[in-house]
Amino acid sequence: MDTSGTALNGASALTAPNFVDATAQNGTSYHYVVIAVDTTGNRSVASATVNATPQAPSGQVNIKVNFQDVATTPPSGYLADYGQAYGARSSTNQGSGLNYGWVEEANRNNPLSLEGNGRNRNTATPAANEPDLRLATLLHMQLPLNALNGVRVNGAWELAVPNGNYRVTVSVGDAGGAIDSTHQINIEGQPLINGFVPTASEKYFDATATVTVSDGKLTIDAVGGSNTKINYVDIASATSGGIVNPSVAAVRPANGETNVALNAGIATDLNLPNGGVALNTLSASSVRLVKVSNNTVVVGTVGTSGGFDTITFQPNSLLEPNTQYRFEISDGVTDQTGVGFIPFSSTFTTAASSGLVNTTVAFEKVTLPTVPSVDKYTTLVIGPDNRLYGATSTGKINRYDINADGTLSTPTLINTIRSMHGDRLLIGLAFDPAATAQNLVLWTVHGDVSQDNAAEWSGKLTRLSGVNLEAGVDYIVNIPRSKKDHASNSLAFGPDGGLYLIQGSNTAMGAPDSSWGYRPERVLTGAVLRIDTQAITPPLDVKSEEGGSYNPFAPGAPVTIYARGIRNAYDIVFHSNGSLYAPANGSAAGGNVPRVVLEPAVCATRPEGSYSGPVVTNIPGATYTGPPNSDGWRVSETQNDWLFRIVEDGYYGHPNAKRCEWVLNGGDHVGSGEARVSTYPDGTLSDPNYKGWAFNFGKNKSPNGAIEYKSNTFGGALRGKLLVVRFSNNDDILVLTPNNLGASGNGDIASAQEGTAVPGFSGFKDPLDLVEDTRNGNIYVSEYDWTGGTQKLTLLRPIAGGVAQTPNVALGTARMIFNDVAGGAASAVQTLTIQNTGTAALLISSITIGGTDASQFQLSGSAPSSVAAGGSATVNVVFNPTSVGVKGATLNVNSNDPDSPATTVTLRGLGTQVWAVATSLRCSGFWTPTRSRSMLATATRQTMPWPPMRRWARRSWRRASRRRARAR
């Protein structure tokens, strides 16, 4: 019997030692007891309770459910849900052997019937005529009190499934006229659709996420919403044939976030079960940012990190204020094994303004046509001969004479490194302090050219000399190298004459993990190394393990460890205030932190000669990977990017068991602040030598090249500032103002100025390094263009007197796509936003439509004649074809922008045909917006063959027609 005392087997006593409860439902917990009855009718006390929760059969799940009224036949491939209480489903169009339905939102143990809350707006009066039945139907999860029919109790929906990971897509909205809802959808307690408020033109919203079910039921609720109306849900196992699909774990800005900065970029945390992101699948079609109000695609740069462990998007111009945007990743993005991502989308809303523009400092961007577009520049330096030297990712060095106006000559190739060692990843360049224009001496550091499967111990420090740096000597060999992009990075000579090298780590978070090839940290990794070049008899072998015996702690060692725990700092700057600064890249989520295994001999190499804790030997709830691959726990938190102010023997948060350094960043205690790692047990202290940070860049910024600006241009307004390029998000130069050392300051950063606030400091494509010509204040920036476009160097030339009051036009999209019936009324209006990101008024002399089919497109309403600095205006365009087929034209905006006086937007439209046959209305793939009432009464939807057109037009037409159908 159950614990309420009801005999499950009815009046007949059991005569066998087993019983099958045929009424049990998957995902529901049951508690059973047995009571014996003797022949005289005496009952025993209840036995011990046995608990059981039946689960759905294991295997691949692919279930689609449409929420609707009881009378509607669901769309093909979908099951029907019309509000029945949770239980076994057996009605028509409800599949076989499934348990799903509704429970009370406030008490999930109570089944709840919401029958009567389902709707089909196509059968209402007036009819919605929504061609997608999934969107025409809905079910009220939170029926308002003023509703006439239905159940006014908030409900949650559940489906019994095996425990595991699922890809879930949910759509909300109402095809009818009501737009008074605030739609909220949470899956397994995590927000999916966050406060979507529909409009007359944007009635629906759908989103996809990967969720983990651990209690046998997938649960969807609307907590936080108001009159949420659910259309449909698609549920599929997040694995296919044993292969797990990569997915988005988190996004920044967060889904539903408001007050987002107008210069914000988007960055993601990823679940990568098979390997990193495939760079060649990142494109303008697979990763998009869309303005929600009119589905305008924002032009921007798609990217990832050097570790291929994130997806980023940076708009090419400022976003519009007080505007909602949707970020989308399609399954066209794959990992490096070819497995597609689970599609993802999220929304955010921008702030009211972009802040102030610096009125005293401004640079003009100058294109350098003599720079080859095939070379990816990793480092830029200016030599004692006043020439620009650029290191490349293949080991070449290009040397340029600098013309009087800052432009560059054609390059001279210095191929010494490649002649000695073949292609190499060359980053570090530093001219010897004793070098002169007549006696060039250049120190370089380089390693295996691969950035995905590099050979370990492949790093070398090579000294180049001679008029053309043609003589090379390897001074150090067998420097460690990570599997990916953590390498021997920048070089710089310090005021003490030592050569300082930033050596990247081998791991994400200190312990080996699969993404980084289970390659462990070495004694020399994740550190700032000091090299005494005068004490080296070349070649010096610094291999410390796997057959090597180099000891950086030995007395008189020429290569020593200056500072510890620097994960992957790309550049170092010896500042005039006496500080050593290093911008460092934090890890994406998914790395491992090490288990503490103390070895006294190793801990004796710490600056204080021993280790006093903390000792973390277990992290409850975290995934542990043991030997031989690793010995640590997974951290599912993306780490911040930091600017460190490096001091000798300081520790900066990246663990290394080979040096008895164990705690990631600030641990987890009341003083951890922004460096807190919540995976650790509460109270975990930071390393005793942890020095914190001078500035927090935030997540996924990838700060790389850095300089101290030394020129007195602009009356010294920039002198002494740190300039740091941000590679992933923002794509700009950030201006940092340090405190002075001494009684008035500690050298940390006092203030920061966004690149968008300094004319000329934003709008780059993956800037990696920069260098100043201190003679005149010119800056050269390496634009790496990681996703495979055109690499280049850009000259930033100071504008005398500060900001030149000039306008800068920025169009909201590069292409507008239409479809409409030939010979009928004009299409729906599409809106182009014209922004002025400059500092003077943008005067628009004309906005015209030209090209082959200019007559098929028209401007609708008045066009703007001017846009204030920092402001925006709109122009409306319609498509009114006179014949069937693909039409093309251009929208031309002519203005007083000195750099782009004539800008264009491509216009593409598809003219379609419609006619009546018998009692059917047939058209090419969508319902026309104008047709007679008598025809509508008997209309059926059919599809014509595609008219002849190029492949790109078919794809664009399909996308456009779907958007248009949804907009109604």
# chains A, B, ... in the order shown; residues from 1 in each chain; ligands from 1
call {"tool": "residues_around", "arguments": {"residues": "range 776-787 of chain A", "least_positions_apart": "3", "cutoff": "6 Å", "atoms": "only C-alpha atoms", "output": "list in words"}}
result
Gly303, Lys376, Tyr377, Ser711, Lys765, Asp766, Pro767, Leu768, Asp769, Leu770, Val771, Glu772, Asp773, Gln791, Lys792, Leu793, Thr794, Leu795, Leu796 and Arg797 of chain A
call {"tool": "residues_around", "arguments": {"residues": "Arg121 in chain A", "least_positions_apart": "3", "cutoff": "10 Å", "atoms": "only C-alpha atoms", "output": "ChimeraX atom specification"}}
result
/A:68-69,118,124-130,133,135-138,174-177
call {"tool": "write_last_selection", "arguments": {"atoms": "C-alpha atoms", "output": "compact mmCIF listing (two decimals), in the first residue's frame"}}
result
# COMPACT_ATOMS: atom_id res chain seq x y z
CA GLN A 68 -2.95 24.92 -27.65
CA ASP A 69 -6.66 24.42 -27.17
CA GLY A 118 -5.24 27.03 -24.34
CA ALA A 124 -10.73 33.37 -32.95
CA THR A 125 -12.71 36.37 -34.13
CA PRO A 126 -11.04 38.21 -35.69
CA ALA A 127 -8.68 35.50 -36.91
CA ALA A 128 -4.95 36.14 -36.56
CA ASN A 129 -4.15 34.31 -39.81
CA GLU A 130 -0.73 33.33 -38.48
CA LEU A 133 0.44 27.13 -36.24
CA LEU A 135 2.80 30.65 -33.06
CA ALA A 136 -0.95 30.89 -33.61
CA THR A 137 -1.52 28.69 -30.55
CA LEU A 138 -0.63 29.32 -26.91
CA ASP A 174 0.46 35.88 -28.79
CA ALA A 175 -0.61 36.08 -32.42
CA GLY A 176 -3.67 38.10 -31.38
CA GLY A 177 -3.78 41.78 -30.62
call {"tool": "residues_around", "arguments": {"residues": "range 476-482 of chain A", "least_positions_apart": "5", "cutoff": "7 Å", "atoms": "only C-alpha atoms", "output": "PyMOL selection string"}}
result
chain A and resi 454-461+487+505-506+525+538-543
call {"tool": "residues_around", "arguments": {"residues": "range 634-645 of chain A", "least_positions_apart": "4", "cutoff": "8 Å", "atoms": "only C-alpha atoms", "output": "number ranges by chain"}}
result
A: 269, 579-593, 622-625, 652, 675, 677, 679, 692-703, 747-748
call {"tool": "residues_around", "arguments": {"residues": "range 857-868 of chain A", "least_positions_apart": "6", "cutoff": "8 Å", "atoms": "only C-alpha atoms", "output": "PDB file with C-alpha atoms, in the first residue's frame"}}
result
ATOM      1  CA  VAL A 829       8.774  49.721 -43.807  1.00  0.00           C
ATOM      2  CA  GLN A 835      24.679  57.445 -36.328  1.00  0.00           C
ATOM      3  CA  ASN A 836      27.115  60.297 -35.897  1.00  0.00           C
ATOM      4  CA  ALA A 840      30.694  67.819 -34.989  1.00  0.00           C
ATOM      5  CA  ALA A 841      27.278  67.888 -36.638  1.00  0.00           C
ATOM      6  CA  LEU A 842      26.836  65.455 -39.526  1.00  0.00           C
ATOM      7  CA  LEU A 843      25.277  67.326 -42.438  1.00  0.00           C
ATOM      8  CA  ILE A 844      23.484  65.044 -44.891  1.00  0.00           C
ATOM      9  CA  SER A 845      23.403  66.566 -48.354  1.00  0.00           C
ATOM     10  CA  SER A 846      21.343  63.803 -49.942  1.00  0.00           C
ATOM     11  CA  ILE A 847      19.865  60.356 -49.420  1.00  0.00           C
ATOM     12  CA  ILE A 849      18.362  55.260 -54.167  1.00  0.00           C
ATOM     13  CA  THR A 874      16.497  57.148 -39.116  1.00  0.00           C
ATOM     14  CA  VAL A 875      15.399  56.804 -42.707  1.00  0.00           C
ATOM     15  CA  ASN A 876      12.599  54.479 -43.847  1.00  0.00           C
ATOM     16  CA  VAL A 877      12.679  52.367 -47.006  1.00  0.00           C
ATOM     17  CA  VAL A 878       9.954  50.284 -48.682  1.00  0.00           C
ATOM     18  CA  PHE A 879      10.017  47.793 -51.544  1.00  0.00           C
ATOM     19  CA  ASN A 880       7.282  47.923 -54.215  1.00  0.00           C
ATOM     20  CA  PRO A 881       8.177  45.606 -57.109  1.00  0.00           C
ATOM     21  CA  ALA A 889      19.706  48.700 -55.703  1.00  0.00           C
TER      22      ALA A 889
END
call {"tool": "atom_distance", "arguments": {"atom1": "CA of Ser409 in chain A", "atom2": "CA of Asp732 in chain A"}}
result
25.7 Å
call {"tool": "atom_distance", "arguments": {"atom1": "CA of Arg463 in chain A", "atom2": "CA of Leu440 in chain A"}}
result
10.4 Å
call {"tool": "atom_distance", "arguments": {"atom1": "CA of Tyr651 in chain A", "atom2": "CA of Arg519 in chain A"}}
result
21.6 Å
call {"tool": "closest_atom_pairs", "arguments": {"of": "range 289-378 of chain A", "to": "range 896-908 of chain A", "cutoff": "12 Å", "atoms": "only C-alpha atoms", "output": "tab-separated table"}}
result
residue	atom	partner	partner_atom	distance
A:Val299	CA	A:Val905	CA	11.7
A:Glu364	CA	A:Asp899	CA	10.0
A:Lys365	CA	A:Asp899	CA	9.7
A:Val366	CA	A:Asp899	CA	10.2
A:Thr367	CA	A:Asp899	CA	11.2
call {"tool": "write_last_selection", "arguments": {"atoms": "N, CA and C atoms", "output": "PDB file, in the first residue's frame"}}
result
ATOM      1  N   VAL A 299      26.550  45.460 -37.844  1.00  0.00           N
ATOM      2  CA  VAL A 299      27.848  45.125 -38.429  1.00  0.00           C
ATOM      3  C   VAL A 299      28.899  45.133 -37.322  1.00  0.00           C
ATOM      4  N   GLU A 364      43.960  60.890 -35.725  1.00  0.00           N
ATOM      5  CA  GLU A 364      43.358  60.482 -36.984  1.00  0.00           C
ATOM      6  C   GLU A 364      43.944  59.135 -37.393  1.00  0.00           C
ATOM      7  N   LYS A 365      43.087  58.274 -37.928  1.00  0.00           N
ATOM      8  CA  LYS A 365      43.540  56.975 -38.417  1.00  0.00           C
ATOM      9  C   LYS A 365      44.025  57.124 -39.852  1.00  0.00           C
ATOM     10  N   VAL A 366      45.216  56.593 -40.095  1.00  0.00           N
ATOM     11  CA  VAL A 366      45.817  56.699 -41.417  1.00  0.00           C
ATOM     12  C   VAL A 366      46.088  55.296 -41.933  1.00  0.00           C
ATOM     13  N   THR A 367      45.559  54.991 -43.095  1.00  0.00           N
ATOM     14  CA  THR A 367      45.805  53.696 -43.726  1.00  0.00           C
ATOM     15  C   THR A 367      47.238  53.640 -44.253  1.00  0.00           C
TER      16      THR A 367
END
call {"tool": "residues_around", "arguments": {"residues": "Glu104 in chain A", "least_positions_apart": "3", "cutoff": "10 Å", "atoms": "only C-alpha atoms", "output": "mmCIF file with C-alpha atoms, in the first residue's frame"}}
result
data_model
loop_
_atom_site.group_PDB
_atom_site.id
_atom_site.type_symbol
_atom_site.label_atom_id
_atom_site.label_comp_id
_atom_site.auth_asym_id
_atom_site.auth_seq_id
_atom_site.Cartn_x
_atom_site.Cartn_y
_atom_site.Cartn_z
ATOM 1 C CA ALA A 85 -2.471 18.048 -15.056
ATOM 2 C CA TYR A 86 0.884 16.261 -14.943
ATOM 3 C CA ASN A 107 3.995 23.724 -5.059
ATOM 4 C CA ARG A 108 5.445 21.461 -7.724
ATOM 5 C CA ASN A 109 4.153 18.350 -5.908
ATOM 6 C CA ASN A 110 0.545 19.299 -6.702
ATOM 7 C CA PRO A 111 -0.702 18.453 -10.206
ATOM 8 C CA LEU A 112 -2.730 21.298 -11.729
ATOM 9 C CA SER A 113 -5.197 21.286 -14.598
ATOM 10 C CA LEU A 114 -4.978 24.362 -16.805
ATOM 11 C CA VAL A 153 -3.658 29.598 -10.887
ATOM 12 C CA ASN A 154 -0.036 29.979 -12.014
ATOM 13 C CA GLY A 155 1.315 26.764 -13.458
ATOM 14 C CA ALA A 156 4.645 25.121 -14.247
ATOM 15 C CA TRP A 157 5.083 22.457 -16.906
ATOM 16 C CA ASP A 221 8.068 27.877 -15.060
#
call {"tool": "select_by_dssp", "arguments": {"residues": "range 381-457 of chain A", "states": "strand (DSSP E)", "output": "ChimeraX atom specification"}}
result
/A:381-382,387-392,397-401,412-414,424-431,441-448
call {"tool": "closest_residue", "arguments": {"among": "A:Thr416, A:Asn712, A:Ser514, A:Ser490", "to": "Gly472 in chain A", "atoms": "only C-alpha atoms"}}
result
A:Thr416
